[in-house]
Structure formats: structure tokens, C-alpha cells
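One file, query29.tsv, is given below (TSV, N, CA and C atoms).
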```tsv
chain	number	residue	atom	x	y	z
A	177	MET	N	9.77	14.75	12.34
A	177	MET	CA	8.61	13.91	12.37
A	177	MET	C	8.76	12.85	13.45
A	178	ALA	N	7.71	12.59	14.14
A	178	ALA	CA	7.74	11.60	15.21
A	178	ALA	C	7.70	10.19	14.62
A	179	THR	N	8.41	9.30	15.27
A	179	THR	CA	8.40	7.91	14.86
A	179	THR	C	7.23	7.20	15.54
A	180	MET	N	6.91	6.01	15.06
A	180	MET	CA	5.84	5.21	15.68
A	180	MET	C	6.19	4.95	17.14
A	181	ASN	N	7.44	4.68	17.42
A	181	ASN	CA	7.88	4.42	18.79
A	181	ASN	C	7.66	5.66	19.67
A	182	GLU	N	8.00	6.83	19.17
A	182	GLU	CA	7.82	8.06	19.94
A	182	GLU	C	6.34	8.33	20.21
A	183	VAL	N	5.51	8.16	19.18
A	183	VAL	CA	4.07	8.38	19.36
A	183	VAL	C	3.51	7.37	20.36
A	184	THR	N	3.93	6.11	20.25
A	184	THR	CA	3.46	5.08	21.18
A	184	THR	C	3.80	5.44	22.62
A	185	LYS	N	5.02	5.89	22.85
A	185	LYS	CA	5.43	6.28	24.20
A	185	LYS	C	4.60	7.45	24.72
A	186	ILE	N	4.37	8.44	23.86
A	186	ILE	CA	3.62	9.62	24.28
A	186	ILE	C	2.17	9.25	24.59
A	187	ILE	N	1.54	8.48	23.71
A	187	ILE	CA	0.13	8.12	23.90
A	187	ILE	C	-0.02	7.21	25.12
A	188	THR	N	0.92	6.29	25.32
A	188	THR	CA	0.87	5.41	26.48
A	188	THR	C	1.01	6.22	27.77
A	189	ALA	N	1.93	7.16	27.79
A	189	ALA	CA	2.08	8.03	28.96
A	189	ALA	C	0.83	8.88	29.16
A	190	LEU	N	0.26	9.36	28.06
A	190	LEU	CA	-0.95	10.17	28.14
A	190	LEU	C	-2.09	9.36	28.77
A	191	ALA	N	-2.21	8.10	28.38
A	191	ALA	CA	-3.27	7.25	28.95
A	191	ALA	C	-3.12	7.12	30.46
A	192	GLY	N	-1.87	7.14	30.94
A	192	GLY	CA	-1.63	7.07	32.37
A	192	GLY	C	-2.18	8.26	33.15
A	193	ALA	N	-2.37	9.38	32.45
A	193	ALA	CA	-2.90	10.58	33.10
A	193	ALA	C	-4.42	10.53	33.24
A	194	TYR	N	-5.04	9.54	32.62
A	194	TYR	CA	-6.50	9.40	32.66
A	194	TYR	C	-6.85	8.06	33.28
A	195	PRO	N	-6.99	8.00	34.60
A	195	PRO	CA	-7.22	6.72	35.27
A	195	PRO	C	-8.50	6.00	34.83
A	196	ASN	N	-9.48	6.73	34.32
A	196	ASN	CA	-10.72	6.10	33.87
A	196	ASN	C	-10.63	5.56	32.45
A	197	TYR	N	-9.53	5.86	31.75
A	197	TYR	CA	-9.37	5.38	30.37
A	197	TYR	C	-8.98	3.90	30.40
A	198	ASN	N	-9.62	3.11	29.58
A	198	ASN	CA	-9.33	1.69	29.48
A	198	ASN	C	-8.07	1.51	28.63
A	199	ALA	N	-6.94	1.34	29.28
A	199	ALA	CA	-5.67	1.22	28.57
A	199	ALA	C	-5.62	-0.03	27.69
A	200	GLY	N	-6.52	-0.97	27.91
A	200	GLY	CA	-6.59	-2.15	27.05
A	200	GLY	C	-6.97	-1.81	25.62
A	201	LYS	N	-7.55	-0.63	25.41
A	201	LYS	CA	-7.91	-0.18	24.06
A	201	LYS	C	-6.70	0.28	23.25
A	202	LEU	N	-5.63	0.65	23.94
A	202	LEU	CA	-4.48	1.27	23.27
A	202	LEU	C	-3.93	0.48	22.09
A	203	PRO	N	-3.66	-0.81	22.23
A	203	PRO	CA	-3.08	-1.52	21.08
A	203	PRO	C	-3.92	-1.40	19.80
A	204	GLY	N	-5.23	-1.35	19.96
A	204	GLY	CA	-6.11	-1.25	18.79
A	204	GLY	C	-6.19	0.12	18.16
A	205	VAL	N	-5.84	1.15	18.91
A	205	VAL	CA	-5.98	2.51	18.38
A	205	VAL	C	-4.66	3.24	18.13
A	206	LEU	N	-3.57	2.67	18.60
A	206	LEU	CA	-2.27	3.35	18.44
A	206	LEU	C	-1.94	3.67	17.00
A	207	LYS	N	-2.28	2.78	16.08
A	207	LYS	CA	-1.98	3.02	14.67
A	207	LYS	C	-2.66	4.29	14.17
A	208	PHE	N	-3.89	4.52	14.59
A	208	PHE	CA	-4.61	5.73	14.18
A	208	PHE	C	-3.91	6.99	14.69
A	209	TYR	N	-3.50	6.94	15.95
A	209	TYR	CA	-2.79	8.08	16.52
A	209	TYR	C	-1.45	8.28	15.80
A	210	ALA	N	-0.72	7.20	15.60
A	210	ALA	CA	0.60	7.30	14.95
A	210	ALA	C	0.48	7.83	13.53
A	211	ASP	N	-0.49	7.32	12.78
A	211	ASP	CA	-0.67	7.78	11.39
A	211	ASP	C	-1.00	9.26	11.33
A	212	ALA	N	-1.81	9.71	12.26
A	212	ALA	CA	-2.22	11.12	12.26
A	212	ALA	C	-1.14	12.05	12.81
A	213	LEU	N	-0.34	11.56	13.75
A	213	LEU	CA	0.61	12.44	14.44
A	213	LEU	C	2.03	12.37	13.90
A	214	LYS	N	2.32	11.45	13.00
A	214	LYS	CA	3.69	11.27	12.53
A	214	LYS	C	4.25	12.48	11.79
A	215	ARG	N	3.40	13.38	11.37
A	215	ARG	CA	3.90	14.56	10.65
A	215	ARG	C	4.33	15.68	11.58
A	216	TYR	N	4.15	15.47	12.89
A	216	TYR	CA	4.54	16.47	13.87
A	216	TYR	C	5.81	16.02	14.61
A	217	PRO	N	6.66	16.94	14.99
A	217	PRO	CA	7.81	16.56	15.82
A	217	PRO	C	7.33	16.02	17.17
A	218	ALA	N	8.07	15.07	17.71
A	218	ALA	CA	7.70	14.48	19.00
A	218	ALA	C	7.57	15.54	20.09
A	219	SER	N	8.42	16.55	20.06
A	219	SER	CA	8.36	17.60	21.09
A	219	SER	C	7.03	18.36	21.04
A	220	VAL	N	6.49	18.55	19.84
A	220	VAL	CA	5.20	19.23	19.70
A	220	VAL	C	4.08	18.33	20.24
A	221	ILE	N	4.14	17.04	19.93
A	221	ILE	CA	3.11	16.11	20.41
A	221	ILE	C	3.14	16.04	21.93
A	222	GLU	N	4.33	16.02	22.51
A	222	GLU	CA	4.45	15.98	23.97
A	222	GLU	C	3.84	17.22	24.60
A	223	LYS	N	4.12	18.38	24.03
A	223	LYS	CA	3.55	19.62	24.57
A	223	LYS	C	2.03	19.63	24.41
A	224	ALA	N	1.54	19.14	23.27
A	224	ALA	CA	0.10	19.08	23.04
A	224	ALA	C	-0.56	18.13	24.04
A	225	ALA	N	0.07	16.99	24.28
A	225	ALA	CA	-0.47	16.03	25.25
A	225	ALA	C	-0.51	16.66	26.65
A	226	GLY	N	0.55	17.35	27.02
A	226	GLY	CA	0.58	18.02	28.32
A	226	GLY	C	-0.51	19.06	28.45
A	227	LYS	N	-0.74	19.78	27.36
A	227	LYS	CA	-1.80	20.79	27.34
A	227	LYS	C	-3.16	20.14	27.55
A	228	LEU	N	-3.40	19.03	26.87
A	228	LEU	CA	-4.68	18.34	26.98
A	228	LEU	C	-4.89	17.74	28.37
A	229	VAL	N	-3.84	17.25	28.99
A	229	VAL	CA	-3.96	16.70	30.34
A	229	VAL	C	-4.47	17.79	31.29
A	230	GLN	N	-4.01	19.01	31.08
A	230	GLN	CA	-4.43	20.11	31.94
A	230	GLN	C	-5.84	20.61	31.62
A	231	GLU	N	-6.29	20.41	30.39
A	231	GLU	CA	-7.55	21.01	29.95
A	231	GLU	C	-8.72	20.04	29.83
A	232	SER	N	-8.46	18.76	29.67
A	232	SER	CA	-9.53	17.81	29.36
A	232	SER	C	-9.69	16.75	30.44
A	233	LYS	N	-10.95	16.44	30.75
A	233	LYS	CA	-11.24	15.39	31.72
A	233	LYS	C	-11.16	14.00	31.09
A	234	TRP	N	-11.24	13.94	29.77
A	234	TRP	CA	-11.32	12.66	29.06
A	234	TRP	C	-10.12	12.47	28.14
A	235	PHE	N	-9.76	11.23	27.92
A	235	PHE	CA	-8.66	10.89	27.00
A	235	PHE	C	-8.97	11.50	25.64
A	236	PRO	N	-8.02	12.20	25.04
A	236	PRO	CA	-8.29	12.93	23.79
A	236	PRO	C	-8.43	12.02	22.57
A	237	THR	N	-9.27	12.46	21.66
A	237	THR	CA	-9.40	11.78	20.37
A	237	THR	C	-8.22	12.19	19.50
A	238	VAL	N	-8.09	11.52	18.37
A	238	VAL	CA	-7.04	11.87	17.41
A	238	VAL	C	-7.22	13.33	16.99
A	239	ALA	N	-8.44	13.70	16.68
A	239	ALA	CA	-8.72	15.07	16.22
A	239	ALA	C	-8.34	16.10	17.30
A	240	GLU	N	-8.62	15.80	18.55
A	240	GLU	CA	-8.26	16.72	19.63
A	240	GLU	C	-6.74	16.87	19.76
A	241	LEU	N	-6.02	15.78	19.60
A	241	LEU	CA	-4.56	15.86	19.66
A	241	LEU	C	-4.00	16.65	18.49
A	242	ILE	N	-4.56	16.47	17.31
A	242	ILE	CA	-4.11	17.24	16.14
A	242	ILE	C	-4.36	18.73	16.38
A	243	THR	N	-5.53	19.06	16.86
A	243	THR	CA	-5.85	20.46	17.16
A	243	THR	C	-4.87	21.02	18.19
A	244	ALA	N	-4.58	20.25	19.22
A	244	ALA	CA	-3.63	20.70	20.24
A	244	ALA	C	-2.23	20.88	19.65
A	245	CYS	N	-1.84	19.99	18.73
A	245	CYS	CA	-0.53	20.14	18.07
A	245	CYS	C	-0.48	21.45	17.29
A	246	HIS	N	-1.56	21.77	16.58
A	246	HIS	CA	-1.61	23.02	15.83
A	246	HIS	C	-1.53	24.22	16.77
A	247	GLU	N	-2.21	24.13	17.90
A	247	GLU	CA	-2.17	25.23	18.87
A	247	GLU	C	-0.75	25.40	19.42
A	248	VAL	N	-0.09	24.30	19.69
A	248	VAL	CA	1.30	24.37	20.20
A	248	VAL	C	2.18	25.01	19.15
A	249	MET	N	2.05	24.57	17.89
A	249	MET	CA	2.89	25.11	16.83
A	249	MET	C	2.58	26.58	16.57
A	250	ASP	N	1.31	26.96	16.66
A	250	ASP	CA	0.95	28.37	16.48
A	250	ASP	C	1.54	29.24	17.58
A	251	GLY	N	1.69	28.65	18.77
A	251	GLY	CA	2.22	29.41	19.90
A	251	GLY	C	3.73	29.45	19.95
A	252	MET	N	4.38	28.71	19.07
A	252	MET	CA	5.84	28.70	19.07
A	252	MET	C	6.37	29.93	18.35
A	253	SER	N	7.44	30.44	18.86
A	253	SER	CA	8.10	31.52	18.14
A	253	SER	C	8.86	30.90	16.98
A	254	ASP	N	9.25	31.71	16.04
A	254	ASP	CA	10.02	31.22	14.90
A	254	ASP	C	11.30	30.53	15.37
A	255	ALA	N	11.93	31.07	16.40
A	255	ALA	CA	13.17	30.48	16.90
A	255	ALA	C	12.91	29.09	17.48
A	256	GLN	N	11.80	28.94	18.23
A	256	GLN	CA	11.47	27.63	18.80
A	256	GLN	C	11.18	26.62	17.70
A	257	GLU	N	10.42	27.05	16.69
A	257	GLU	CA	10.09	26.14	15.60
A	257	GLU	C	11.34	25.72	14.85
A	258	THR	N	12.23	26.67	14.59
A	258	THR	CA	13.47	26.35	13.90
A	258	THR	C	14.31	25.39	14.73
A	259	ASP	N	14.38	25.62	16.04
A	259	ASP	CA	15.12	24.71	16.90
A	259	ASP	C	14.53	23.31	16.86
A	260	THR	N	13.21	23.21	16.85
A	260	THR	CA	12.54	21.91	16.77
A	260	THR	C	12.87	21.23	15.46
A	261	LEU	N	12.85	21.98	14.37
A	261	LEU	CA	13.17	21.40	13.07
A	261	LEU	C	14.65	21.00	12.99
A	262	ARG	N	15.51	21.80	13.57
A	262	ARG	CA	16.93	21.45	13.60
A	262	ARG	C	17.15	20.16	14.39
A	263	ALA	N	16.45	20.03	15.49
A	263	ALA	CA	16.56	18.81	16.30
A	263	ALA	C	16.08	17.60	15.50
A	264	GLN	N	15.02	17.79	14.73
A	264	GLN	CA	14.52	16.71	13.88
A	264	GLN	C	15.56	16.34	12.82
A	265	ALA	N	16.19	17.32	12.22
A	265	ALA	CA	17.23	17.05	11.21
A	265	ALA	C	18.39	16.29	11.84
A	266	PHE	N	18.76	16.70	13.03
A	266	PHE	CA	19.85	16.02	13.74
A	266	PHE	C	19.47	14.56	14.02
A	267	ARG	N	18.23	14.34	14.46
A	267	ARG	CA	17.77	12.97	14.75
A	267	ARG	C	17.80	12.11	13.49
A	268	LEU	N	17.33	12.65	12.38
A	268	LEU	CA	17.34	11.90	11.12
A	268	LEU	C	18.76	11.56	10.68
A	269	GLU	N	19.65	12.52	10.84
A	269	GLU	CA	21.03	12.29	10.45
A	269	GLU	C	21.67	11.22	11.34
A	270	GLN	N	21.43	11.29	12.64
A	270	GLN	CA	21.97	10.29	13.56
A	270	GLN	C	21.40	8.91	13.25
A	271	GLU	N	20.12	8.87	12.92
A	271	GLU	CA	19.48	7.60	12.55
A	271	GLU	C	20.15	7.01	11.30
A	272	TYR	N	20.43	7.88	10.34
A	272	TYR	CA	21.09	7.42	9.11
A	272	TYR	C	22.47	6.84	9.42
A	273	TYR	N	23.24	7.55	10.23
A	273	TYR	CA	24.59	7.09	10.54
A	273	TYR	C	24.59	5.82	11.39
A	274	SER	N	23.60	5.67	12.25
A	274	SER	CA	23.59	4.48	13.12
A	274	SER	C	23.00	3.25	12.44
A	275	THR	N	22.03	3.45	11.54
A	275	THR	CA	21.38	2.29	10.92
A	275	THR	C	21.76	2.11	9.46
A	276	GLY	N	22.23	3.17	8.83
A	276	GLY	CA	22.55	3.10	7.41
A	276	GLY	C	21.33	3.17	6.51
A	277	THR	N	20.17	3.40	7.10
A	277	THR	CA	18.94	3.51	6.31
A	277	THR	C	18.47	4.95	6.26
A	278	LEU	N	17.79	5.25	5.20
A	278	LEU	CA	17.32	6.62	4.97
A	278	LEU	C	15.87	6.56	4.50
A	279	ASP	N	14.99	7.26	5.15
A	279	ASP	CA	13.59	7.33	4.74
A	279	ASP	C	13.40	8.64	3.99
A	280	PRO	N	13.40	8.59	2.64
A	280	PRO	CA	13.32	9.83	1.87
A	280	PRO	C	12.02	10.61	2.11
A	281	VAL	N	10.95	9.91	2.46
A	281	VAL	CA	9.68	10.60	2.72
A	281	VAL	C	9.81	11.46	3.97
A	282	GLU	N	10.43	10.90	5.01
A	282	GLU	CA	10.61	11.64	6.25
A	282	GLU	C	11.49	12.86	6.04
A	283	TRP	N	12.56	12.70	5.25
A	283	TRP	CA	13.46	13.82	4.96
A	283	TRP	C	12.73	14.89	4.15
A	284	GLU	N	11.91	14.49	3.19
A	284	GLU	CA	11.18	15.46	2.38
A	284	GLU	C	10.15	16.20	3.23
A	285	GLN	N	9.52	15.50	4.15
A	285	GLN	CA	8.58	16.18	5.06
A	285	GLN	C	9.30	17.23	5.88
A	286	LEU	N	10.50	16.91	6.34
A	286	LEU	CA	11.28	17.88	7.10
A	286	LEU	C	11.62	19.09	6.22
A	287	ALA	N	12.05	18.83	4.99
A	287	ALA	CA	12.37	19.94	4.07
A	287	ALA	C	11.13	20.81	3.85
A	288	SER	N	9.97	20.18	3.72
A	288	SER	CA	8.72	20.94	3.54
A	288	SER	C	8.40	21.78	4.76
A	289	GLN	N	8.69	21.25	5.94
A	289	GLN	CA	8.45	22.03	7.16
A	289	GLN	C	9.38	23.23	7.23
A	290	PHE	N	10.63	23.04	6.83
A	290	PHE	CA	11.55	24.18	6.78
A	290	PHE	C	11.03	25.22	5.80
A	291	THR	N	10.55	24.78	4.65
A	291	THR	CA	10.00	25.71	3.66
A	291	THR	C	8.81	26.47	4.24
A	292	ALA	N	7.91	25.74	4.89
A	292	ALA	CA	6.73	26.38	5.49
A	292	ALA	C	7.11	27.39	6.55
A	293	ALA	N	8.24	27.17	7.21
A	293	ALA	CA	8.71	28.09	8.25
A	293	ALA	C	9.50	29.25	7.66
A	294	GLY	N	9.61	29.26	6.32
A	294	GLY	CA	10.35	30.34	5.67
A	294	GLY	C	11.85	30.12	5.68
A	295	ARG	N	12.30	28.94	6.02
A	295	ARG	CA	13.72	28.61	6.08
A	295	ARG	C	14.10	27.86	4.80
A	296	TYR	N	14.08	28.58	3.69
A	296	TYR	CA	14.33	27.98	2.38
A	296	TYR	C	15.75	27.43	2.28
A	297	ASP	N	16.70	28.12	2.91
A	297	ASP	CA	18.09	27.65	2.88
A	297	ASP	C	18.23	26.30	3.57
A	298	ALA	N	17.55	26.12	4.68
A	298	ALA	CA	17.62	24.85	5.41
A	298	ALA	C	16.93	23.74	4.61
A	299	ALA	N	15.84	24.07	3.95
A	299	ALA	CA	15.15	23.08	3.12
A	299	ALA	C	16.05	22.59	1.99
A	300	VAL	N	16.76	23.52	1.37
A	300	VAL	CA	17.69	23.15	0.30
A	300	VAL	C	18.79	22.25	0.85
A	301	ARG	N	19.33	22.60	2.03
A	301	ARG	CA	20.40	21.79	2.63
A	301	ARG	C	19.93	20.38	2.96
A	302	VAL	N	18.69	20.26	3.45
A	302	VAL	CA	18.16	18.93	3.76
A	302	VAL	C	18.07	18.09	2.48
A	303	ARG	N	17.56	18.69	1.43
A	303	ARG	CA	17.44	17.95	0.16
A	303	ARG	C	18.82	17.61	-0.41
A	304	GLU	N	19.77	18.52	-0.29
A	304	GLU	CA	21.13	18.25	-0.76
A	304	GLU	C	21.77	17.10	0.04
A	305	ARG	N	21.50	17.08	1.33
A	305	ARG	CA	22.04	16.03	2.18
A	305	ARG	C	21.50	14.65	1.77
A	306	VAL	N	20.20	14.58	1.47
A	306	VAL	CA	19.60	13.33	1.02
A	306	VAL	C	20.24	12.89	-0.29
A	307	ASP	N	20.41	13.83	-1.22
A	307	ASP	CA	21.05	13.51	-2.49
A	307	ASP	C	22.47	12.99	-2.27
A	308	ALA	N	23.20	13.61	-1.37
A	308	ALA	CA	24.58	13.18	-1.10
A	308	ALA	C	24.60	11.78	-0.49
A	309	TYR	N	23.65	11.48	0.41
A	309	TYR	CA	23.61	10.16	1.01
A	309	TYR	C	23.30	9.10	-0.04
A	310	HIS	N	22.36	9.42	-0.93
A	310	HIS	CA	22.03	8.48	-2.00
A	310	HIS	C	23.22	8.27	-2.93
A	311	ALA	N	23.96	9.32	-3.21
A	311	ALA	CA	25.12	9.22	-4.11
A	311	ALA	C	26.23	8.37	-3.49
A	312	ALA	N	26.31	8.37	-2.15
A	312	ALA	CA	27.34	7.61	-1.46
A	312	ALA	C	27.04	6.12	-1.39
A	313	GLU	N	25.80	5.75	-1.65
A	313	GLU	CA	25.42	4.32	-1.53
A	313	GLU	C	25.96	3.49	-2.65
```

If you took the structure in this file and wrote it as C-alpha cells, what would it be?
Amino acid sequence: MATMNEVTKIITALAGAYPNYNAGKLPGVLKFYADALKRYPASVIEKAAGKLVQESKWFPTVAELITACHEVMDGMSDAQETDTLRAQAFRLEQEYYSTGTLDPVEWEQLASQFTAAGRYDAAVRVRERVDAYHAAE
């Protein structure tokens, strides 16, 4: 799952690709983009943004970015999707070790994504890892 910081960077960079877009609007709308896009891995959002830059003359709406994210995910092979999910698991684990904090919602979303991808074993391991971290506290 993408963090607010990752979404902010992607949307800010995306705005740079549209010279006619009023970048002064960004602070007021970033929360809407972040809330809608946080369930997607940052790599998917980046690919979706790149796709839209090539296809659209106008800065994309939240709905257009979500649609592009779905198109990117639909076009991924199972191996690519699994690699993306593994990278997300690695990022969450590194975040836990560096900050000592754990967002159980984010971990559960990752486990759900593994389940949706048919990777039931990975989903179980993610949930077991969260339980182990909680037990260690």
C-alpha cells in the first residue's frame, strides 16, 4: 500500500507533466488522491500515472487514476503482481524495524491482496508476522 508521502510525490510529479494544471490546487486535493490511492502499491500508481501522461491532455481526476491503476494491475502477470506484493511486505517490515511501529490495517490489506492474488501461503505468513510482532511488544 502506498503511503501518503508516496502518493504526494507521485501526484506532485504528475502535475509537473501538465503545464496548464494549476499546481496551487494540489494542497487542497492531495488528501482525496491519497485516500483513494492508498490501497494500491506505489509502483502501480506510478505506472498508472505514466500511462495517463501518455494518454490524457488534462490532469487526471481521482476516478481516472483509479481506473488506470486497475488497468495496470490487470495487465500485470501473476509474477509481477507477486513481486510487487513482496516488495510491499519488505517495505512494511523495514518500516517496522526502523520505527518500531506497526499499522495492522496496512498489514491486513497486504494479506488481503495476497489472498486475492491466490497466494494464500503468503497471506498466512503476513498475518503470522503481525501476530509475532505484537507478541514481542

>> Please compute the atom CA of Thr179 of chain A-atom C of Lys214 of chain A distance, one decimal, in Å.
In response: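 Computed distance, atom CA of Thr179 of chain A to atom C of Lys214 of chain A, equals 6.9 Å.
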
Would you compute the box with edges along x, y and z of the file around segment 179-189 of chain A, including every atom the file lists for it and 6 Å extra on each side, and give its centre and edge lengths in Å to one decimal, as JSON?
```
{"center_x": 4.2, "center_y": 7.0, "center_z": 22.0, "size_x": 20.4, "size_y": 17.2, "size_z": 26.3}
```

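For the atom pair formed by atom C of Leu202 of chain A and atom CA of Thr260 of chain A, the distance is 27.5 Å, given to one decimal.
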
> Please, what distance in Å, to one decimal, runs between atom CA of Ala308 of chain A and atom C of Ser274 of chain A?
Replying inline: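 These atoms are spaced 16.9 Å apart.
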
Contacts of Ala298 of chain A at 8 Å or less, counting only C-alpha atoms, minus same-chain residues fewer than 5 places along, as a PDB file with N, CA and C atoms, in the frame of the given file?
```
ATOM      1  N   ALA A 287      12.050  18.830   4.990  1.00  0.00           N
ATOM      2  CA  ALA A 287      12.370  19.940   4.070  1.00  0.00           C
ATOM      3  C   ALA A 287      11.130  20.810   3.850  1.00  0.00           C
ATOM      4  N   PHE A 290      10.630  23.040   6.830  1.00  0.00           N
ATOM      5  CA  PHE A 290      11.550  24.180   6.780  1.00  0.00           C
ATOM      6  C   PHE A 290      11.030  25.220   5.800  1.00  0.00           C
ATOM      7  N   THR A 291      10.550  24.780   4.650  1.00  0.00           N
ATOM      8  CA  THR A 291      10.000  25.710   3.660  1.00  0.00           C
ATOM      9  C   THR A 291       8.810  26.470   4.240  1.00  0.00           C
TER      10      THR A 291
END
```
